[in-house]
Structure formats: structure tokens, C-alpha cells
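Read the structure below first, then the notes.
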Amino acid sequence: MEVEKMDENEWKYHGEGNQSLVVSHCQRCVVLRFLKSPPNQNKTPEEILHHLQNIVDFGKHVMKQFFGENYVHHGEIIQLPLDFVRQLCLKIQPERPECRCDKDMDTLSGYAMCLPNLTRLQTFRFAEHRPILCIEIKPKCGFIPFSSHVSQEIKHKVCRYCMHQHLKVANGKWKRPSKYCPLDLFSGNKQRMHFALKSLLQEAQNNLKIFKNGELIYGCKDDQDCVCDWNELARHLKPFFFPSNGLVSGPQCTRTIVKELIHVITMALLSSTDTCRAGHMKTVPISQGRSYCEASAFNKELVRNGKHKLESSGLPRGCLLYKTLQAQMLDMLDIEGLYPLYSRVEQYLEEFPEERSTLQVDGPYNEAFYEKLLDLSLEDDGTVAFALTKVQQYRIAMTAKDCSIMIALSPCLQDECSEQRPVVLTSKSRFTFSVSVLDLDLKPYESIPHQYKLDGEIVNYYLKNVQAKEDPVMSNLFKENEDCTLVLHKV
């Protein structure tokens, strides 16, 4: 792709995270990703290139092993004319949210990552001229900690996401807690998955976005800038799901379209569109720990209705949710068990700082780095090597807990569908689709102390302000629904 021959006006602001800023091309299915840094703290071009190369290598040599060839798009590094980059920066600056402007886009090195635009279909070129719908989901952590290092029993009952919601509301990040629980989405049970997706649609926060032809039509552009009008969403989606326009308008129409959307997302998430096996890593048994969260709104509704058992159908081994969960479960010790091992590594590096590169703490992310991740043993031999392996596995798990899944859909005519093209059906339409995973930058080694501190804050707030109020209500419900047994004693 000859970017230098393109006008900067052909590119538009696409979004950004803490470390990078993304622009997308108006016609081509590509995006450019630039690194960011605080004002007056610009890195040298060599440092920028090294950072970007680490991101590419990590996706190519590590995350592809977990998720498979078709799901991971690691991109490539390109060098751009500096004048083009500066003009592009000036063009997009007014579109950036104010809260993101504390860091500047890199305009000095000329290096950027060129990646496919995952709001577009990735597998088949035939449908590029057709309207494309894309759903971005950030599923978060899909299991309850099973580590014996957990000090608070509540962590074995309520998932991190559900507890964190209450702290975020208290801190003003969100107006109300979401009913979404990741364990419902990762359950493989369609009823629970439908409930989870409906909850995401009701309270999207930054965990769900919907794009139409690359433009955001539903979800949050930033923390508080949310567009969540179901009627407006239904207006956008109606041509996709009911092309003949035979459906009446009104609340019933909206509910029907949302139901169809949830069905399509569920089927795409449970599909396997990658024939490659994801590496040769031994899997962590998903059966470890409980398969439901006591704080889940779905679970509470079951209890109120006198039911106790949550069905967990399990995920198909080839689907992206299964692979995501496997990577997440490399967090086998929980942050409470991991933090002492991190401290062991830190103490060693203080004494022998020259060993940092030898131990591959910060890369390079090559096959040798991946091979070290294959040891799932939990027998601590007291060595720095054991501690560092667990630390690196935890970083992989944290990356998988914060990744995004992109589901791109395009209408498909019956005579165009074949075994080579994955298709999902609705009552009136059929779609070809692609599923990809996004946001796979390795979580920083230096963030572990923050995660340890945050974990304590989340749990302590929940215990003090939420569980104390909910326990009496839920325990009474459990008692009301228990089977009564009459015991006769001989007199």
C-alpha cells in the first residue's frame, strides 16, 4: 500500500487507547496505528520502531499460537513521509475526545502499524461492495478464580467484572451497573448468552459497539459519551434483517430486530472459522472453579424462581470464546498468588539488572518466549525462572481478559453461499461473516502492582457496600426455595 500517494483527507479518526491512536481509510479496508506519548516525552524513532516491532512480534509469535491464524491480524510496520503524518495529525486533532488529548500522536518517527480494518469482512472480498455490520464485544474475564491463594471467599463466588461495576459507579465512571456478567457469555448456554448480550445492549459502557460500514452507530465513543437508543439501532438494522420491509414499525419491531441481532452474534461466537489448531499448548481445565457468578442478574432471577442449577452447555473447542477463555485461565494463581512471585523477580532484577534482557522480561517476543509459557506447573521450586514464567503467563491472561472480539457481517445471497464461506441464518436473511480478535498488546510488566492494589479495592468495596446489603435478601430467597425435610425421632 503506497500511503505516501494518498491524501491525508482520505483518512479519518477511528479511535484510540492509552498507548496508541488509530485512523482508518475512507475507501480501503486498512487502518494506521500510531503510538502516543505525553507532551515533551517523545521517544526516539529507534525506540518507536522497537516498540512497534515488539507489538507485531507478540501478535505473530505468541497470540497467534493461542487464538489461531484466522483470528489474529498482527499487521506490519511501515514508514511514512513526516509531512503526511503531521498533516494527518492536524486533521484528526479536533475529533479526538478531550480526555485523550493528554498524550500526543507520534509525528516525529514516521513509523506506524498498518492493519486490516476489522469492522470490515476479513475473509471474502466478494461482499466488500455490500453494507457491512460489525459488532465489537469486549467480553472481559470469563471465569471465577480457582486459586487457593485467594484470601476472600467472595472471589470464589462473584466474578471480578460484577464486583468492579459497583466501584466504577461509585467513582462516577458509569451512571449505573450493567447486568452483563461475562460468565453468562462464556457459558456456551444459549439462554445465558442471550441474556448477557441483551444486557450489553442495554448498558453498553465500553464493552459493546456496533458499526455500520465502519461508522459507529451504537455504543460509547468514550467513557460517558454513550449512544444507546434501541429504536435508532433498529432503524439502522432493519434493512439487514428484514430487507423486504414487511415488518411493522414500533416497539414490537424493535424487539424483534434486537432478538435477531442477539441470535446472529451468538451463532457467530459459537462458530469455528479457523481450521488451524491454536498452537500445541496444554489447555487449562475449564472445569476448574464454578461456572456461574452469584451476582449475575440471570442467576438471581433463577433463585427467585425457585431454581438453583445453572446449566452450562460448554463452548465448542474451536470457537474464539473457548480460545479466549483458555488464554485467560493462564492466570492460575490469581493476582494474590502472583504478586509474591512478581516481587521475587523484582528483587532479583534489582540485584542483577543486566539479567533483564537475558530473561526476556520485555521481549523479544519470539518462539523462545512462547516456549517458556508452555509450563503449566504450579510447583514452586523457589527459582526466579518459575516466578517469571508465572508472571509472563499472568500478563498473557490479562491481555486476553481485555481483548475485543470483532464480528463482521454482510448480507449473502443463497447462491453465493458455500462450505468455504461461514454463514449464519436469521428468519428472513443470511449473512457471511468473519470473526477476529483485537487489542492484543501484551499488558505491561510494570502494571502488576497496580492490579494487585486495584484487586483489593474492588473486593473491599464490594464486601463493605454491596454484599452486606444483598446477603440477607438472597439468603432468605434460598431458604424459601429449599426443600423441607421432616425428621422423625423415636420417643
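A note on labels: chains of the C-alpha cells are A, B, ... as shown, every chain counts residues from 1, and ligands are counted from 1 in their shown order.
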> Excluding same-chain residues fewer than 2 positions from region 250-258 of chain A, what lies within 6 Å of it counting only C-alpha atoms, as a list in words?
Replying inline: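 So the residues in contact are Asn231, Ala234, Glu260 and Leu261 of chain A.
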>> Give me the residues near region 365-373 of chain A as a ChimeraX atom specification, where near means some atom within 12 Å (using only C-alpha atoms) and where sequence neighbours in that chain fewer than 6 positions away do not count.
In response: /A:50-66,279-283,327,330-331,357-359,385-397,441-442
Next, the residues of the selection above should be written as a PDB file, in the first residue's frame with C-alpha atoms.
ATOM      1  CA  HIS A  50      11.410  -1.159  18.595  1.00  0.00           C
ATOM      2  CA  HIS A  51       8.084  -0.725  20.443  1.00  0.00           C
ATOM      3  CA  LEU A  52       6.032  -1.315  17.301  1.00  0.00           C
ATOM      4  CA  GLN A  53       8.167  -4.324  16.337  1.00  0.00           C
ATOM      5  CA  ASN A  54       7.527  -5.834  19.764  1.00  0.00           C
ATOM      6  CA  ILE A  55       3.756  -5.430  19.249  1.00  0.00           C
ATOM      7  CA  VAL A  56       3.917  -7.110  15.822  1.00  0.00           C
ATOM      8  CA  ASP A  57       6.164  -9.940  17.068  1.00  0.00           C
ATOM      9  CA  PHE A  58       3.970 -10.582  20.100  1.00  0.00           C
ATOM     10  CA  GLY A  59       0.882 -10.964  17.917  1.00  0.00           C
ATOM     11  CA  LYS A  60       2.712 -13.052  15.344  1.00  0.00           C
ATOM     12  CA  HIS A  61       4.702 -15.428  17.561  1.00  0.00           C
ATOM     13  CA  VAL A  62       2.612 -15.612  20.730  1.00  0.00           C
ATOM     14  CA  MET A  63      -1.059 -14.666  20.396  1.00  0.00           C
ATOM     15  CA  LYS A  64      -1.497 -16.466  17.071  1.00  0.00           C
ATOM     16  CA  GLN A  65      -0.461 -19.619  18.926  1.00  0.00           C
ATOM     17  CA  PHE A  66      -3.363 -19.153  21.337  1.00  0.00           C
ATOM     18  CA  GLY A 279      -0.586 -23.988  18.932  1.00  0.00           C
ATOM     19  CA  HIS A 280       0.305 -27.034  20.985  1.00  0.00           C
ATOM     20  CA  MET A 281      -0.224 -25.620  24.441  1.00  0.00           C
ATOM     21  CA  LYS A 282      -1.761 -27.908  27.018  1.00  0.00           C
ATOM     22  CA  THR A 283      -5.106 -26.468  27.973  1.00  0.00           C
ATOM     23  CA  ALA A 327      -5.730 -17.842  27.420  1.00  0.00           C
ATOM     24  CA  LEU A 330      -3.313 -18.876  32.385  1.00  0.00           C
ATOM     25  CA  ASP A 331      -4.000 -16.694  35.422  1.00  0.00           C
ATOM     26  CA  SER A 357      17.239  -8.781  28.718  1.00  0.00           C
ATOM     27  CA  THR A 358      18.562 -12.343  29.185  1.00  0.00           C
ATOM     28  CA  LEU A 359      15.354 -13.310  30.992  1.00  0.00           C
ATOM     29  CA  ALA A 385      12.691 -18.801  36.397  1.00  0.00           C
ATOM     30  CA  PHE A 386       9.493 -20.278  37.884  1.00  0.00           C
ATOM     31  CA  ALA A 387       8.376 -16.876  39.170  1.00  0.00           C
ATOM     32  CA  LEU A 388       8.991 -15.171  35.825  1.00  0.00           C
ATOM     33  CA  THR A 389       7.106 -17.878  33.898  1.00  0.00           C
ATOM     34  CA  LYS A 390       4.046 -17.334  36.090  1.00  0.00           C
ATOM     35  CA  VAL A 391       4.377 -13.547  35.720  1.00  0.00           C
ATOM     36  CA  GLN A 392       4.509 -13.811  31.917  1.00  0.00           C
ATOM     37  CA  GLN A 393       1.553 -16.227  31.874  1.00  0.00           C
ATOM     38  CA  TYR A 394      -0.388 -13.746  34.006  1.00  0.00           C
ATOM     39  CA  ARG A 395       0.398 -10.947  31.520  1.00  0.00           C
ATOM     40  CA  ILE A 396      -0.925 -13.119  28.672  1.00  0.00           C
ATOM     41  CA  ALA A 397      -4.062 -13.833  30.710  1.00  0.00           C
ATOM     42  CA  ASP A 441      -0.895  -5.805  23.111  1.00  0.00           C
ATOM     43  CA  LEU A 442       0.860  -7.536  25.995  1.00  0.00           C
TER      44      LEU A 442
END
> Which residues, written as number ranges by chain, have at least one atom at most 8 Å from region 454-464 of chain A, with only C-alpha atoms counted and residues fewer than 3 positions away on the same chain left out?
Replying inline: A: 152, 154-155, 160, 163-164, 166-167, 335, 450-451, 467-468
> What separation in Å, quoted to one decimal, exists between CA of Pro340 (chain A) and CA of Leu325 (chain A)?
Replying inline: 24.5 Å
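Among the candidate residues A:Lys469, A:Lys209, A:His74, A:His194, the one lying nearest to Lys138 (chain A) is A:Lys209, with distances computed using only C-alpha atoms.
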>> If DSSP is run on the backbone, what residues of region 51-244 of chain A are strand (DSSP E or B)? A reply as a ChimeraX atom specification would be ideal.
In response: /A:72,76-79,104-105,111-116,133-137,208-212,215-220,226-227
> Taking into account only C-alpha atoms, which residue in the set A:Met105, A:Cys162, A:Ile92, A:Leu80 is nearest to Val466 (chain A)?
Replying inline: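 Closest candidate: A:Cys162.
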>> I need the residue nearest Val423 (chain A) from this list: A:Glu301, A:Ser271, A:Cys293, A:Ser447. Use only C-alpha atoms for the distance.
In response: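 Distance minimum relative to Val423 (chain A) lands on A:Ser271.
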> Which one is closest to Lys212 (chain A): A:Ser377, A:Ser199, A:Thr119, A:Asn299? Count only C-alpha atoms.
Replying inline: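 Ranked by minimum distance to Lys212 (chain A), first place goes to A:Thr119.
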> What residues in region 325-479 of chain A get the DSSP label alpha helix (DSSP H)? Please answer as a PyMOL selection string.
Replying inline: chain A and resi 325-328+334-351+355-358+367-372+384-401+448-462+468-479
> Contacts of Lys36 (chain A) at 12 Å or less, counting only C-alpha atoms, minus same-chain residues fewer than 6 places along, as number ranges by chain?
Replying inline: A: 16-22, 42-43, 48, 51-52, 89, 100-109, 111-112
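Of the listed residues A:Glu76, A:Asp184, A:Glu46, A:Asp439, the one whose atoms come nearest to Cys403 (chain A) is A:Asp439, with distances taken using only C-alpha atoms.
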> Could you pull the residues within 10 Å of Phe67 (chain A), counting only C-alpha atoms, minus those fewer than 2 positions along the same chain, as a list in words?
Replying inline: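 Skipping anything fewer than 2 positions along the chain leaves Gly59, Val62, Met63, Lys64, Gln65, Glu69, Asn70, Tyr71, Val72, Asp274, Cys276, Arg277, Ala278, Gly279, Gly318, Cys319, Leu320, Leu321, Tyr322, Lys323, Thr324, Gln326, Ala327, Ala400, Ser436 and Val437 of chain A.
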